[in-house]
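Listing of structure-v2.pdb; format and content: PDB, C-alpha atoms.
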```pdb
MODEL        1
ATOM      1  CA  MET Z 134     101.876  57.562  96.893
ATOM      2  CA  GLY Z 135     103.364  57.089  93.434
ATOM      3  CA  VAL Z 136     103.950  53.395  94.058
ATOM      4  CA  ILE Z 137     100.320  52.905  95.106
ATOM      5  CA  ALA Z 138      99.132  54.833  92.030
ATOM      6  CA  ALA Z 139     101.239  52.507  89.861
ATOM      7  CA  LEU Z 140      99.776  49.554  91.762
ATOM      8  CA  CYS Z 141      96.259  50.788  90.939
ATOM      9  CA  VAL Z 142      97.149  51.044  87.250
ATOM     10  CA  ARG Z 143      98.582  47.527  87.394
ATOM     11  CA  CYS Z 144      95.376  46.351  89.087
ATOM     12  CA  VAL Z 145      93.359  47.614  86.116
ATOM     13  CA  ALA Z 146      95.835  45.917  83.757
ATOM     14  CA  VAL Z 147      95.592  42.601  85.634
ATOM     15  CA  LEU Z 148      91.791  42.756  85.641
ATOM     16  CA  THR Z 149      91.781  43.604  81.937
ATOM     17  CA  VAL Z 150      93.950  40.613  81.043
ATOM     18  CA  VAL Z 151      92.137  38.151  83.318
ATOM     19  CA  ASN Z 152      88.642  39.234  82.273
ATOM     20  CA  THR Z 153      89.562  39.301  78.580
ATOM     21  CA  VAL Z 154      90.966  35.767  78.794
ATOM     22  CA  LEU Z 155      87.849  34.575  80.634
ATOM     23  CA  PHE Z 156      85.669  36.314  78.041
ATOM     24  CA  VAL Z 157      87.519  34.605  75.166
ATOM     25  CA  VAL Z 158      87.219  31.221  76.913
ATOM     26  CA  ALA Z 159      83.483  31.782  77.397
ATOM     27  CA  VAL Z 160      83.079  32.697  73.725
ATOM     28  CA  VAL Z 161      85.035  29.625  72.595
ATOM     29  CA  VAL Z 162      83.000  27.335  74.854
ATOM     30  CA  SER Z 163      79.681  28.844  73.788
ATOM     31  CA  THR Z 164      80.527  28.640  70.083
ATOM     32  CA  THR Z 165      81.719  25.052  70.547
ATOM     33  CA  LEU Z 166      78.416  24.103  72.189
ATOM     34  CA  ASP Z 167      76.322  26.132  69.740
ATOM     35  CA  PRO Z 168      78.072  26.861  66.420
ATOM     36  CA  GLN Z 169      75.308  29.331  65.491
ATOM     37  CA  ALA Z 170      76.149  31.514  68.472
ATOM     38  CA  GLY Z 171      78.539  34.317  67.670
ATOM     39  CA  VAL Z 172      80.235  37.001  69.678
ATOM     40  CA  SER Z 173      77.601  39.464  70.710
ATOM     41  CA  PRO Z 174      78.592  43.108  70.277
ATOM     42  CA  THR Z 175      76.657  43.752  73.479
ATOM     43  CA  ALA Z 176      78.890  41.315  75.386
ATOM     44  CA  VAL Z 177      82.037  43.046  74.109
ATOM     45  CA  TYR Z 178      80.513  46.414  75.017
ATOM     46  CA  ILE Z 179      79.707  45.180  78.549
ATOM     47  CA  LEU Z 180      83.272  43.883  78.967
ATOM     48  CA  VAL Z 181      84.815  47.197  77.881
ATOM     49  CA  VAL Z 182      82.419  49.347  79.901
ATOM     50  CA  GLY Z 183      82.832  47.085  82.936
ATOM     51  CA  LEU Z 184      86.601  47.484  82.812
ATOM     52  CA  LEU Z 185      86.312  51.255  82.404
ATOM     53  CA  VAL Z 186      83.835  51.453  85.277
ATOM     54  CA  ALA Z 187      86.216  49.363  87.430
ATOM     55  CA  CYS Z 188      88.747  52.200  87.170
ATOM     56  CA  VAL Z 189      86.533  54.459  89.313
ATOM     57  CA  PRO Z 190      86.322  52.253  92.451
ATOM     58  CA  ILE Z 191      89.978  51.311  92.063
ATOM     59  CA  LEU Z 192      90.860  55.007  92.116
ATOM     60  CA  LEU Z 193      88.345  56.179  94.717
ATOM     61  CA  VAL Z 194      88.476  53.201  97.104
ATOM     62  CA  GLY Z 195      91.513  51.139  96.115
ATOM     63  CA  PHE Z 196      94.009  53.996  96.175
ATOM     64  CA  PRO Z 197      93.283  55.136  99.766
ATOM     65  CA  ALA Z 198      92.994  51.509 100.904
ATOM     66  CA  GLY Z 199      96.316  50.742  99.208
ATOM     67  CA  VAL Z 200      98.008  53.673 100.922
ATOM     68  CA  LEU Z 201      96.623  52.575 104.303
ATOM     69  CA  THR Z 202      97.549  48.912 103.711
ATOM     70  CA  ALA Z 203     101.079  49.823 102.617
ATOM     71  CA  HIS Z 204     101.425  52.025 105.692
ATOM     72  CA  LEU Z 205     100.304  49.187 107.974
ATOM     73  CA  LEU Z 206     102.699  46.738 106.270
ATOM     74  CA  ARG Z 207     105.734  49.021 106.262
ATOM     75  CA  GLY Z 208     107.376  47.006 109.059
ATOM     76  CA  SER Z 209     107.094  43.719 107.172
ATOM     77  CA  SER Z 210     109.670  42.870 104.540
ATOM     78  CA  ARG Z 211     108.097  39.552 103.525
ATOM     79  CA  GLU Z 212     106.800  39.823  99.980
ATOM     80  CA  ARG Z 213     104.307  36.978 100.405
ATOM     81  CA  VAL Z 214     102.682  38.748 103.334
ATOM     82  CA  HIS Z 215     102.270  41.923 101.282
ATOM     83  CA  VAL Z 216     100.747  40.054  98.327
ATOM     84  CA  LEU Z 217      98.362  38.043 100.518
ATOM     85  CA  VAL Z 218      97.245  41.073 102.530
ATOM     86  CA  PHE Z 219      96.657  43.142  99.381
ATOM     87  CA  ALA Z 220      94.687  40.223  97.884
ATOM     88  CA  LEU Z 221      92.587  39.952 101.038
ATOM     89  CA  VAL Z 222      91.960  43.703 101.148
ATOM     90  CA  GLY Z 223      91.037  43.656  97.446
ATOM     91  CA  ALA Z 224      88.588  40.790  97.982
ATOM     92  CA  VAL Z 225      86.932  42.484 100.952
ATOM     93  CA  LEU Z 226      86.704  45.839  99.174
ATOM     94  CA  SER Z 227      85.283  44.280  96.021
ATOM     95  CA  VAL Z 228      82.576  42.417  97.919
ATOM     96  CA  THR Z 229      81.809  45.530  99.987
ATOM     97  CA  ILE Z 230      81.491  47.733  96.898
ATOM     98  CA  PHE Z 231      79.224  45.255  95.129
ATOM     99  CA  ALA Z 232      77.121  44.750  98.269
ATOM    100  CA  THR Z 233      76.769  48.522  98.639
ATOM    101  CA  LEU Z 234      75.532  48.740  95.048
ATOM    102  CA  ASP Z 235      73.159  45.810  95.788
ATOM    103  CA  TYR Z 236      74.592  43.648  93.004
ATOM    104  CA  LEU Z 237      75.105  40.608  95.231
ATOM    105  CA  SER Z 238      71.381  39.956  95.729
ATOM    106  CA  VAL Z 239      70.876  39.366  91.982
ATOM    107  CA  VAL Z 240      73.016  36.213  91.750
ATOM    108  CA  PRO Z 241      73.895  34.441  95.015
ATOM    109  CA  TRP Z 242      77.285  33.089  93.893
ATOM    110  CA  PHE Z 243      78.346  36.521  92.633
ATOM    111  CA  THR Z 244      79.900  37.168  96.045
ATOM    112  CA  LEU Z 245      82.582  34.601  95.206
ATOM    113  CA  VAL Z 246      83.148  36.170  91.794
ATOM    114  CA  ALA Z 247      83.444  39.646  93.314
ATOM    115  CA  ALA Z 248      85.894  38.369  95.945
ATOM    116  CA  ALA Z 249      87.964  36.591  93.292
ATOM    117  CA  GLU Z 250      88.057  39.709  91.102
ATOM    118  CA  GLY Z 251      89.271  41.843  94.000
ATOM    119  CA  ALA Z 252      91.815  39.293  95.189
ATOM    120  CA  VAL Z 253      93.235  38.642  91.728
ATOM    121  CA  GLY Z 254      93.320  42.339  90.860
ATOM    122  CA  ALA Z 255      94.921  43.662  94.046
ATOM    123  CA  GLY Z 256      97.069  40.609  94.812
ATOM    124  CA  GLY Z 257      98.254  40.301  91.216
ATOM    125  CA  ALA Z 258      99.048  44.000  91.039
ATOM    126  CA  ARG Z 259     100.996  43.847  94.310
ATOM    127  CA  TRP Z 260     102.935  40.783  93.108
ATOM    128  CA  TRP Z 261     103.717  42.562  89.817
ATOM    129  CA  THR Z 262     104.862  45.684  91.686
ATOM    130  CA  GLY Z 263     107.142  43.584  93.881
ATOM    131  CA  ARG Z 264     108.629  41.863  90.822
ATOM    132  CA  MET Z 265     109.305  45.230  89.179
ATOM    133  CA  HIS Z 266     111.040  46.457  92.342
ATOM    134  CA  ALA Z 267     113.063  43.233  92.644
ATOM    135  CA  ARG Z 268     114.347  43.655  89.096
ATOM    136  CA  ARG Z 269     115.599  47.153  89.886
ATOM    137  CA  ALA Z 270     117.256  46.203  93.170
ATOM    138  CA  PRO Z 271     120.158  43.827  92.557
ATOM    139  CA  ILE Z 272     120.386  40.811  94.840
ATOM    140  CA  ASP Z 273     123.815  39.814  96.057
ATOM    141  CA  ASP Z 274     124.861  36.171  96.382
ATOM    142  CA  ALA Z 275     124.150  35.984 100.134
ATOM    143  CA  GLN Z 276     120.604  37.297  99.694
ATOM    144  CA  GLY Z 277     119.996  35.033  96.705
ATOM    145  CA  ALA Z 278     121.161  31.970  98.612
ATOM    146  CA  ALA Z 279     118.606  32.741 101.326
ATOM    147  CA  LEU Z 280     115.714  32.631  98.843
ATOM    148  CA  PRO Z 281     113.855  29.310  98.613
ATOM    149  CA  TRP Z 282     114.465  29.146  94.848
ATOM    150  CA  GLY Z 283     118.047  30.456  94.967
ATOM    151  CA  ARG Z 284     119.436  33.436  93.106
ATOM    152  CA  ILE Z 285     117.805  34.221  89.774
ATOM    153  CA  GLY Z 286     119.811  36.057  87.144
ATOM    154  CA  PRO Z 287     123.459  36.537  86.269
TER     155      PRO Z 287
ENDMDL
END
```
Final structure tokens representation of the file:
Amino acid sequence: MGVIAALCVRCVAVLTVVNTVLFVVAVVVSTTLDPQAGVSPTAVYILVVGLLVACVPILLVGFPAGVLTAHLLRGSSRERVHVLVFALVGAVLSVTIFATLDYLSVVPWFTLVAAAEGAVGAGGARWWTGRMHARRAPIDDAQGAALPWGRIGP
């Protein structure tokens, strides 16, 4: 349960970084195209509120889904499988939540954006969690030789 709670926190962190970078890119592009356009305080407010609001579904829906997904994957030791399944679950949950709130009918391509947000958030958080665990668990030479990239570290 604690690992899934940490994964949810990492999901919020991943979404914060990704959305902030995309926001900055959008601002740079818009100011390049129209030098008179500045950063709207409303846009910054929407970004911050959107990220804070994202915490609620991640906690209420993502946490139980993460516990169930981790339980179903407990027999698999392949990290890639875990990351891909968490990304898929995140994409499906994100689209389902937005469809339930009837946000997908406003902009037709928003389904792809919602799926990407869920996949990047959950998949990125699961990858990050796996990397944190791998750093704590030392890999011996035999295990490192079996990895496609070889042993990393001293």
Within 12 Å of Asn152 of chain Z, counting only C-alpha atoms, which residues show up once you throw out same-chain ones fewer than 5 positions away? Write them as a list in words, please.
Cys144, Val145, Ala146, Val147, Val157, Val158, Ala159, Val177, Ile179, Leu180, Val181, Gly183, Leu184, Ala187, Val246, Ala249, Glu250, Val253 and Gly254 of chain Z
Produce the centre coordinates and the three edge lengths, each in Å to one decimal, of the box along x, y and z that contains all listed atoms of segment 255-261 of chain Z with 4 Å added on each side, as JSON.
```
{"center_x": 99.3, "center_y": 42.2, "center_z": 92.3, "size_x": 16.8, "size_y": 11.7, "size_z": 13.0}
```
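Atom CA of Leu140 of chain Z is positioned 5.6 Å from atom CA of Ala258 of chain Z.
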Compare Z:Val189, Z:Met134, Z:Ala248, Z:Leu217 by their minimum atom-to-atom distance to Phe231 of chain Z, counting all atoms listed in the file, and give me the closest one.
Z:Ala248
Given the PyMOL selection byres ((chain Z and resi 222) around 8), the residues it picks as a PDB file with C-alpha atoms, in the coordinates of the input:
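In the end it all went to result_4.pdb:
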```pdb
ATOM      1  CA  ALA Z 198      92.994  51.509 100.904  1.00  0.00           C
ATOM      2  CA  VAL Z 218      97.245  41.073 102.530  1.00  0.00           C
ATOM      3  CA  PHE Z 219      96.657  43.142  99.381  1.00  0.00           C
ATOM      4  CA  ALA Z 220      94.687  40.223  97.884  1.00  0.00           C
ATOM      5  CA  LEU Z 221      92.587  39.952 101.038  1.00  0.00           C
ATOM      6  CA  GLY Z 223      91.037  43.656  97.446  1.00  0.00           C
ATOM      7  CA  ALA Z 224      88.588  40.790  97.982  1.00  0.00           C
ATOM      8  CA  VAL Z 225      86.932  42.484 100.952  1.00  0.00           C
ATOM      9  CA  LEU Z 226      86.704  45.839  99.174  1.00  0.00           C
ATOM     10  CA  GLY Z 251      89.271  41.843  94.000  1.00  0.00           C
ATOM     11  CA  ALA Z 252      91.815  39.293  95.189  1.00  0.00           C
ATOM     12  CA  ALA Z 255      94.921  43.662  94.046  1.00  0.00           C
TER      13      ALA Z 255
END
```
Identify which of the residues Z:Val240, Z:Ala176, Z:Ala247, Z:Val214 lies closest to Leu148 of chain Z, counting only C-alpha atoms when measuring atom-to-atom distances.
Z:Ala247
Where does the PyMOL selection byres ((chain Z and resi 263) around 12) land in this file, that is, which residues does it pick, as an mmCIF file with C-alpha atoms, keeping the file's coordinate frame?
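Result saved to expr-v8.cif:
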```
data_model
loop_
_atom_site.group_PDB
_atom_site.id
_atom_site.type_symbol
_atom_site.label_atom_id
_atom_site.label_comp_id
_atom_site.auth_asym_id
_atom_site.auth_seq_id
_atom_site.Cartn_x
_atom_site.Cartn_y
_atom_site.Cartn_z
ATOM 1 C CA VAL Z 136 103.950 53.395 94.058
ATOM 2 C CA ILE Z 137 100.320 52.905 95.106
ATOM 3 C CA ALA Z 139 101.239 52.507 89.861
ATOM 4 C CA LEU Z 140 99.776 49.554 91.762
ATOM 5 C CA ARG Z 143 98.582 47.527 87.394
ATOM 6 C CA SER Z 210 109.670 42.870 104.540
ATOM 7 C CA ARG Z 211 108.097 39.552 103.525
ATOM 8 C CA GLU Z 212 106.800 39.823 99.980
ATOM 9 C CA ARG Z 213 104.307 36.978 100.405
ATOM 10 C CA VAL Z 214 102.682 38.748 103.334
ATOM 11 C CA HIS Z 215 102.270 41.923 101.282
ATOM 12 C CA VAL Z 216 100.747 40.054 98.327
ATOM 13 C CA PHE Z 219 96.657 43.142 99.381
ATOM 14 C CA GLY Z 256 97.069 40.609 94.812
ATOM 15 C CA GLY Z 257 98.254 40.301 91.216
ATOM 16 C CA ALA Z 258 99.048 44.000 91.039
ATOM 17 C CA ARG Z 259 100.996 43.847 94.310
ATOM 18 C CA TRP Z 260 102.935 40.783 93.108
ATOM 19 C CA TRP Z 261 103.717 42.562 89.817
ATOM 20 C CA THR Z 262 104.862 45.684 91.686
ATOM 21 C CA ARG Z 264 108.629 41.863 90.822
ATOM 22 C CA MET Z 265 109.305 45.230 89.179
ATOM 23 C CA HIS Z 266 111.040 46.457 92.342
ATOM 24 C CA ALA Z 267 113.063 43.233 92.644
ATOM 25 C CA ARG Z 268 114.347 43.655 89.096
ATOM 26 C CA ARG Z 269 115.599 47.153 89.886
ATOM 27 C CA ALA Z 270 117.256 46.203 93.170
#
```
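In this model, the gap between atom CA of Trp242 of chain Z and atom CA of Thr229 of chain Z comes to 14.6 Å.
Within the file as shown, the PyMOL selection byres ((chain Z and resi 196) around 10) identifies Met134, Ile137, Ala138, Ala139, Leu140, Cys141, Val142, Pro190, Ile191, Leu192, Leu193, Val194, Gly195, Pro197, Ala198, Gly199, Val200, Leu201 and Thr202 of chain Z.
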Take the residues just selected and output them with C-alpha atoms as a tab-separated table (two decimals), in the coordinates of the input.
```
chain	number	residue	atom	x	y	z
Z	134	MET	CA	101.88	57.56	96.89
Z	137	ILE	CA	100.32	52.90	95.11
Z	138	ALA	CA	99.13	54.83	92.03
Z	139	ALA	CA	101.24	52.51	89.86
Z	140	LEU	CA	99.78	49.55	91.76
Z	141	CYS	CA	96.26	50.79	90.94
Z	142	VAL	CA	97.15	51.04	87.25
Z	190	PRO	CA	86.32	52.25	92.45
Z	191	ILE	CA	89.98	51.31	92.06
Z	192	LEU	CA	90.86	55.01	92.12
Z	193	LEU	CA	88.34	56.18	94.72
Z	194	VAL	CA	88.48	53.20	97.10
Z	195	GLY	CA	91.51	51.14	96.12
Z	197	PRO	CA	93.28	55.14	99.77
Z	198	ALA	CA	92.99	51.51	100.90
Z	199	GLY	CA	96.32	50.74	99.21
Z	200	VAL	CA	98.01	53.67	100.92
Z	201	LEU	CA	96.62	52.58	104.30
Z	202	THR	CA	97.55	48.91	103.71
```
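Atom pair atom CA of Ala232 of chain Z / atom CA of Thr244 of chain Z: separated by 8.4 Å.
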Please determine, counting all atoms listed in the file, which residue among Z:Leu185, Z:Phe156, Z:Thr149, Z:Pro241 has the shortest atom-to-atom distance to Val172 of chain Z.
Z:Phe156
